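Shown next: final.tsv, given as TSV, N, CA and C atoms.
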chain	number	residue	atom	x	y	z
A	15	MET	N	134.21	101.47	121.09
A	15	MET	CA	133.31	100.40	121.46
A	15	MET	C	131.96	100.66	120.80
A	16	HIS	N	131.28	99.61	120.46
A	16	HIS	CA	129.98	99.77	119.81
A	16	HIS	C	128.85	99.80	120.84
A	17	LYS	N	127.74	100.38	120.43
A	17	LYS	CA	126.56	100.45	121.28
A	17	LYS	C	125.68	99.25	120.93
A	18	HIS	N	125.22	98.52	121.96
A	18	HIS	CA	124.34	97.38	121.71
A	18	HIS	C	122.94	97.88	121.37
A	19	ILE	N	122.43	97.40	120.24
A	19	ILE	CA	121.10	97.79	119.78
A	19	ILE	C	120.28	96.53	119.54
A	20	ASP	N	119.05	96.53	120.02
A	20	ASP	CA	118.11	95.46	119.71
A	20	ASP	C	117.34	95.90	118.47
A	21	TRP	N	117.74	95.36	117.32
A	21	TRP	CA	117.13	95.74	116.06
A	21	TRP	C	115.74	95.13	115.95
A	22	ASP	N	114.84	95.82	115.27
A	22	ASP	CA	113.52	95.28	114.98
A	22	ASP	C	113.65	94.13	113.98
A	23	ASP	N	112.74	93.18	114.06
A	23	ASP	CA	112.68	92.11	113.08
A	23	ASP	C	112.27	92.75	111.74
A	24	PRO	N	113.05	92.51	110.67
A	24	PRO	CA	112.72	93.15	109.39
A	24	PRO	C	111.47	92.60	108.72
A	25	GLY	N	110.99	91.45	109.16
A	25	GLY	CA	109.76	90.88	108.60
A	25	GLY	C	109.81	90.78	107.09
A	26	ALA	N	108.78	91.28	106.43
A	26	ALA	CA	108.67	91.21	104.98
A	26	ALA	C	109.73	92.04	104.26
A	27	ASP	N	110.38	92.95	104.98
A	27	ASP	CA	111.43	93.79	104.38
A	27	ASP	C	112.82	93.21	104.56
A	28	SER	N	112.93	91.95	104.94
A	28	SER	CA	114.22	91.31	105.20
A	28	SER	C	115.09	91.26	103.94
A	29	VAL	N	116.30	91.76	104.04
A	29	VAL	CA	117.26	91.70	102.94
A	29	VAL	C	117.62	90.24	102.66
A	30	LEU	N	117.85	89.45	103.71
A	30	LEU	CA	118.20	88.05	103.51
A	30	LEU	C	117.09	87.29	102.80
A	31	GLN	N	115.85	87.53	103.18
A	31	GLN	CA	114.72	86.86	102.53
A	31	GLN	C	114.61	87.28	101.08
A	32	TYR	N	114.80	88.57	100.81
A	32	TYR	CA	114.73	89.05	99.43
A	32	TYR	C	115.76	88.34	98.57
A	33	PHE	N	116.99	88.26	99.05
A	33	PHE	CA	118.04	87.64	98.24
A	33	PHE	C	117.95	86.11	98.23
A	34	ALA	N	117.24	85.50	99.17
A	34	ALA	CA	116.98	84.07	99.10
A	34	ALA	C	116.09	83.77	97.90
A	35	ASN	N	115.19	84.69	97.59
A	35	ASN	CA	114.30	84.55	96.44
A	35	ASN	C	114.89	85.11	95.15
A	36	ASN	N	115.89	85.96	95.27
A	36	ASN	CA	116.56	86.61	94.13
A	36	ASN	C	118.07	86.52	94.35
A	37	PRO	N	118.65	85.33	94.18
A	37	PRO	CA	120.03	85.10	94.61
A	37	PRO	C	121.11	85.93	93.91
A	38	THR	N	120.85	86.46	92.75
A	38	THR	CA	121.87	87.27	92.09
A	38	THR	C	121.93	88.64	92.73
A	39	GLY	N	123.12	89.15	92.87
A	39	GLY	CA	123.28	90.51	93.37
A	39	GLY	C	123.64	90.64	94.83
A	40	PHE	N	123.56	89.56	95.63
A	40	PHE	CA	123.90	89.68	97.04
A	40	PHE	C	125.40	89.57	97.23
A	41	ASP	N	126.00	90.56	97.83
A	41	ASP	CA	127.42	90.57	98.17
A	41	ASP	C	127.55	90.92	99.64
A	42	GLU	N	128.66	90.51	100.22
A	42	GLU	CA	128.94	90.94	101.59
A	42	GLU	C	129.19	92.44	101.58
A	43	PRO	N	128.70	93.13	102.60
A	43	PRO	CA	128.94	94.57	102.68
A	43	PRO	C	130.44	94.87	102.77
A	44	ARG	N	130.82	96.00	102.17
A	44	ARG	CA	132.21	96.45	102.20
A	44	ARG	C	132.29	97.81	102.89
A	45	PRO	N	133.47	98.17	103.37
A	45	PRO	CA	133.61	99.51	103.99
A	45	PRO	C	133.10	100.59	103.05
A	46	GLY	N	132.29	101.47	103.61
A	46	GLY	CA	131.71	102.57	102.85
A	46	GLY	C	130.28	102.30	102.40
A	47	ASP	N	129.87	101.02	102.35
A	47	ASP	CA	128.49	100.70	101.99
A	47	ASP	C	127.53	101.24	103.05
A	48	ILE	N	126.33	101.58	102.63
A	48	ILE	CA	125.28	102.03	103.54
A	48	ILE	C	124.21	100.94	103.61
A	49	LEU	N	123.92	100.48	104.82
A	49	LEU	CA	122.91	99.45	105.05
A	49	LEU	C	121.75	100.04	105.82
A	50	SER	N	120.60	99.39	105.73
A	50	SER	CA	119.42	99.86	106.46
A	50	SER	C	118.91	98.79	107.40
A	51	ALA	N	118.31	99.24	108.48
A	51	ALA	CA	117.68	98.37	109.46
A	51	ALA	C	116.58	99.19	110.13
A	52	ARG	N	115.85	98.53	111.03
A	52	ARG	CA	114.81	99.22	111.79
A	52	ARG	C	115.14	99.13	113.27
A	53	HIS	N	114.91	100.23	113.98
A	53	HIS	CA	115.08	100.26	115.43
A	53	HIS	C	113.92	101.04	116.02
A	54	GLU	N	113.13	100.35	116.85
A	54	GLU	CA	111.96	100.96	117.48
A	54	GLU	C	111.10	101.71	116.47
A	55	GLY	N	110.93	101.10	115.30
A	55	GLY	CA	110.08	101.66	114.26
A	55	GLY	C	110.74	102.65	113.33
A	56	ALA	N	111.90	103.17	113.68
A	56	ALA	CA	112.59	104.13	112.82
A	56	ALA	C	113.50	103.39	111.83
A	57	ILE	N	113.77	104.03	110.71
A	57	ILE	CA	114.69	103.51	109.72
A	57	ILE	C	116.08	104.01	110.09
A	58	VAL	N	117.04	103.10	110.17
A	58	VAL	CA	118.41	103.47	110.54
A	58	VAL	C	119.34	103.08	109.41
A	59	ARG	N	120.17	104.01	108.98
A	59	ARG	CA	121.19	103.72	107.97
A	59	ARG	C	122.54	103.66	108.66
A	60	VAL	N	123.29	102.61	108.34
A	60	VAL	CA	124.59	102.38	108.95
A	60	VAL	C	125.65	102.37	107.86
A	61	LYS	N	126.69	103.18	108.04
A	61	LYS	CA	127.82	103.20	107.10
A	61	LYS	C	128.85	102.17	107.57
A	62	VAL	N	129.07	101.16	106.76
A	62	VAL	CA	129.91	100.03	107.13
A	62	VAL	C	131.38	100.44	107.23
A	63	GLU	N	132.01	100.01	108.33
A	63	GLU	CA	133.45	100.18	108.51
A	63	GLU	C	134.16	98.84	108.42
A	64	ALA	N	133.46	97.76	108.85
A	64	ALA	CA	134.03	96.41	108.80
A	64	ALA	C	132.89	95.40	108.74
A	65	TYR	N	133.23	94.20	108.26
A	65	TYR	CA	132.25	93.12	108.17
A	65	TYR	C	132.92	91.85	108.68
A	66	VAL	N	132.34	91.26	109.73
A	66	VAL	CA	132.92	90.08	110.36
A	66	VAL	C	131.82	89.07	110.64
A	67	ASP	N	131.98	87.86	110.10
A	67	ASP	CA	131.08	86.74	110.39
A	67	ASP	C	129.59	87.10	110.33
A	68	GLY	N	129.16	87.69	109.23
A	68	GLY	CA	127.74	87.98	109.06
A	68	GLY	C	127.23	89.20	109.80
A	69	THR	N	128.15	90.02	110.30
A	69	THR	CA	127.76	91.22	111.03
A	69	THR	C	128.57	92.42	110.54
A	70	SER	N	127.86	93.49	110.22
A	70	SER	CA	128.51	94.73	109.83
A	70	SER	C	128.73	95.59	111.06
A	71	ILE	N	129.85	96.25	111.10
A	71	ILE	CA	130.17	97.18	112.18
A	71	ILE	C	130.33	98.54	111.52
A	72	GLY	N	129.60	99.52	112.03
A	72	GLY	CA	129.68	100.82	111.40
A	72	GLY	C	129.02	101.91	112.21
A	73	GLU	N	129.00	103.08	111.60
A	73	GLU	CA	128.49	104.29	112.25
A	73	GLU	C	127.08	104.59	111.76
A	74	VAL	N	126.23	105.00	112.68
A	74	VAL	CA	124.87	105.41	112.32
A	74	VAL	C	124.98	106.71	111.50
A	75	ALA	N	124.57	106.60	110.23
A	75	ALA	CA	124.68	107.73	109.32
A	75	ALA	C	123.38	108.51	109.20
A	76	ALA	N	122.25	107.85	109.49
A	76	ALA	CA	120.96	108.53	109.41
A	76	ALA	C	119.94	107.77	110.25
A	77	ILE	N	119.02	108.53	110.81
A	77	ILE	CA	117.86	107.97	111.51
A	77	ILE	C	116.67	108.70	110.91
A	78	ILE	N	115.71	107.91	110.40
A	78	ILE	CA	114.61	108.49	109.65
A	78	ILE	C	113.28	108.01	110.22
A	79	SER	N	112.39	108.92	110.45
A	79	SER	CA	111.05	108.57	110.93
A	79	SER	C	110.33	107.79	109.83
A	80	ALA	N	109.81	106.62	110.18
A	80	ALA	CA	109.09	105.81	109.20
A	80	ALA	C	107.75	106.43	108.84
A	81	ASP	N	107.20	107.28	109.71
A	81	ASP	CA	105.90	107.89	109.47
A	81	ASP	C	105.93	108.94	108.36
A	82	ASN	N	106.96	109.79	108.42
A	82	ASN	CA	106.95	110.93	107.50
A	82	ASN	C	108.27	111.16	106.76
A	83	GLY	N	109.27	110.30	106.96
A	83	GLY	CA	110.54	110.43	106.27
A	83	GLY	C	111.44	111.53	106.82
A	84	ARG	N	111.06	112.09	107.95
A	84	ARG	CA	111.83	113.18	108.56
A	84	ARG	C	113.11	112.65	109.20
A	85	ARG	N	114.21	113.35	109.03
A	85	ARG	CA	115.50	112.97	109.60
A	85	ARG	C	115.55	113.36	111.08
A	86	LEU	N	116.10	112.44	111.88
A	86	LEU	CA	116.21	112.65	113.32
A	86	LEU	C	117.67	112.62	113.74
A	87	LYS	N	118.00	113.30	114.83
A	87	LYS	CA	119.36	113.25	115.39
A	87	LYS	C	119.52	112.09	116.35
A	88	SER	N	118.41	111.65	116.94
A	88	SER	CA	118.43	110.51	117.85
A	88	SER	C	117.05	109.87	117.88
A	89	HIS	N	117.05	108.64	118.37
A	89	HIS	CA	115.79	107.91	118.50
A	89	HIS	C	116.01	106.86	119.58
A	90	GLY	N	115.27	106.96	120.68
A	90	GLY	CA	115.52	106.06	121.80
A	90	GLY	C	116.94	106.26	122.30
A	91	LYS	N	117.69	105.17	122.44
A	91	LYS	CA	119.07	105.29	122.91
A	91	LYS	C	120.08	105.35	121.77
A	92	LEU	N	119.59	105.49	120.54
A	92	LEU	CA	120.44	105.53	119.36
A	92	LEU	C	120.59	106.96	118.87
A	93	ALA	N	121.83	107.34	118.49
A	93	ALA	CA	122.08	108.70	118.00
A	93	ALA	C	122.99	108.65	116.78
A	94	LEU	N	122.91	109.70	115.96
A	94	LEU	CA	123.83	109.81	114.83
A	94	LEU	C	125.27	109.69	115.32
A	95	GLY	N	126.09	108.98	114.59
A	95	GLY	CA	127.50	108.84	114.94
A	95	GLY	C	127.80	107.67	115.84
A	96	ASP	N	126.79	107.05	116.45
A	96	ASP	CA	127.04	105.87	117.28
A	96	ASP	C	127.62	104.74	116.43
A	97	THR	N	128.51	103.97	117.00
A	97	THR	CA	129.04	102.78	116.35
A	97	THR	C	128.21	101.60	116.81
A	98	VAL	N	127.70	100.83	115.83
A	98	VAL	CA	126.80	99.71	116.13
A	98	VAL	C	127.22	98.47	115.35
A	99	ARG	N	126.69	97.34	115.78
A	99	ARG	CA	126.83	96.07	115.07
A	99	ARG	C	125.48	95.75	114.45
A	100	LEU	N	125.48	95.43	113.15
A	100	LEU	CA	124.24	95.14	112.44
A	100	LEU	C	124.35	93.76	111.79
A	101	PRO	N	123.72	92.74	112.41
A	101	PRO	CA	123.75	91.40	111.81
A	101	PRO	C	122.98	91.38	110.49
A	102	ASP	N	123.43	90.54	109.55
A	102	ASP	CA	122.73	90.42	108.27
A	102	ASP	C	121.25	90.11	108.47
A	103	ALA	N	120.91	89.30	109.48
A	103	ALA	CA	119.52	88.91	109.72
A	103	ALA	C	118.64	90.09	110.10
A	104	SER	N	119.22	91.21	110.52
A	104	SER	CA	118.44	92.39	110.92
A	104	SER	C	118.37	93.44	109.83
A	105	ARG	N	119.09	93.24	108.73
A	105	ARG	CA	119.05	94.22	107.66
A	105	ARG	C	117.68	94.26	107.00
A	106	ALA	N	117.24	95.47	106.62
A	106	ALA	CA	115.91	95.64	106.04
A	106	ALA	C	115.99	96.49	104.78
A	107	LEU	N	115.13	96.18	103.84
A	107	LEU	CA	115.01	97.00	102.64
A	107	LEU	C	114.42	98.35	103.03
A	108	GLU	N	114.81	99.37	102.31
A	108	GLU	CA	114.27	100.71	102.56
A	108	GLU	C	112.81	100.78	102.13
A	109	PRO	N	111.96	101.39	102.94
A	109	PRO	CA	110.57	101.57	102.50
A	109	PRO	C	110.52	102.63	101.41
A	110	ARG	N	109.50	102.54	100.61
A	110	ARG	CA	109.34	103.53	99.54
A	110	ARG	C	108.40	104.61	100.02
A	111	HIS	N	108.91	105.84	100.09
A	111	HIS	CA	108.06	106.97	100.46
A	111	HIS	C	107.51	107.57	99.18
A	112	GLY	N	106.21	107.74	99.12
A	112	GLY	CA	105.56	108.27	97.92
A	112	GLY	C	105.95	109.71	97.64
A	113	THR	N	105.86	110.07	96.37
A	113	THR	CA	106.10	111.44	95.94
A	113	THR	C	104.91	111.87	95.10
A	114	ASP	N	104.85	113.14	94.79
A	114	ASP	CA	103.77	113.65	93.95
A	114	ASP	C	103.76	112.95	92.59
A	115	ASP	N	104.95	112.53	92.10
A	115	ASP	CA	105.04	111.85	90.81
A	115	ASP	C	104.34	110.50	90.83
A	116	ASP	N	104.13	109.93	92.02
A	116	ASP	CA	103.49	108.63	92.14
A	116	ASP	C	101.98	108.70	92.02
A	117	GLU	N	101.42	109.89	92.11
A	117	GLU	CA	99.98	110.03	92.07
A	117	GLU	C	99.47	109.81	90.65
A	118	VAL	N	98.35	109.14	90.54
A	118	VAL	CA	97.72	108.90	89.25
A	118	VAL	C	96.66	109.96	89.06
A	119	PRO	N	96.66	110.64	87.90
A	119	PRO	CA	95.64	111.67	87.65
A	119	PRO	C	94.25	111.06	87.70
A	120	ASP	N	93.27	111.87	88.14
A	120	ASP	CA	91.88	111.41	88.28
A	120	ASP	C	91.30	110.89	86.96
A	121	ASP	N	91.71	111.50	85.84
A	121	ASP	CA	91.11	111.12	84.55
A	121	ASP	C	91.83	109.97	83.86
A	122	GLU	N	92.94	109.49	84.43
A	122	GLU	CA	93.67	108.39	83.81
A	122	GLU	C	92.89	107.09	83.94
A	123	GLY	N	92.80	106.36	82.86
A	123	GLY	CA	92.13	105.08	82.86
A	123	GLY	C	90.62	105.19	82.72
A	124	ALA	N	90.11	106.40	82.48
A	124	ALA	CA	88.65	106.58	82.37
A	124	ALA	C	88.15	106.23	80.99
Could you take the file, read its structure, and then write that structure out as structure tokens?
Amino acid sequence: MHKHIDWDDPGADSVLQYFANNPTGFDEPRPGDILSARHEGAIVRVKVEAYVDGTSIGEVAAIISADNGRRLKSHGKLALGDTVRLPDASRALEPRHGTDDDEVPDDEGA
């Protein structure tokens, strides 16, 4: 049985909104695909086992702190390994965490 989760609204990170503006490349999720969503501010990755009527059913493969990118074993009532339902409307693009390579040297552009 799956665990009921109230997913955060993806807002500007909505996968559906992104593909509404960029229609090429959107496919229905298949078993084995990894999808992302937000739950209580954390980033949640779900490994798809099935897809039915606009909803993916799968296992929580990762829970990541949005603040620092740190991996968590649980967050709120959600834990690694839980089976959840993830509607397409709740899917979110992954945020980009900066790296040292992203920094611009002080003398660049001077």
DSSP on the backbone, then: every residue of segment 25-110 of chain A marked alpha helix (DSSP H), written as a ChimeraX atom specification.
-> /A:29-35
Write out as an MDAnalysis selection string each polymer residue whose atoms come within 7 Å of Thr69 of chain A, counting only C-alpha atoms; drop sequence neighbours fewer than 3 positions from it.
-> chainID A and resid 65:66 99:102
How many Å lie between atom N of Leu86 of chain A and atom N of Pro43 of chain A, rounded to one decimal?
-> 24.9 Å
Find the residues around segment 23-39 of chain A up to 6 Å (only C-alpha atoms counted), leave out those fewer than 2 positions away in its own chain, and share them as a ChimeraX atom specification.
-> /A:104-107
Atom CA of Ser70 of chain A and atom CA of Ser50 of chain A are how many Å apart?
-> 11.0 Å
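When only C-alpha atoms are used to measure the gap to Ile77 of chain A, the shortest distance among A:Ile48, A:Met15, A:Val58, A:Ala64 belongs to A:Val58.
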Those of chain A in DSSP strand (DSSP E), formatted as an MDAnalysis selection string | chainID A and resid 48:53 56:66 69:78 85:86 88:89 92:93 97:101
One residue among A:Asp41, A:Ala51, A:Asp22, A:Glu108 is nearest to Gly83 of chain A when using only C-alpha atoms, and that residue is A:Glu108
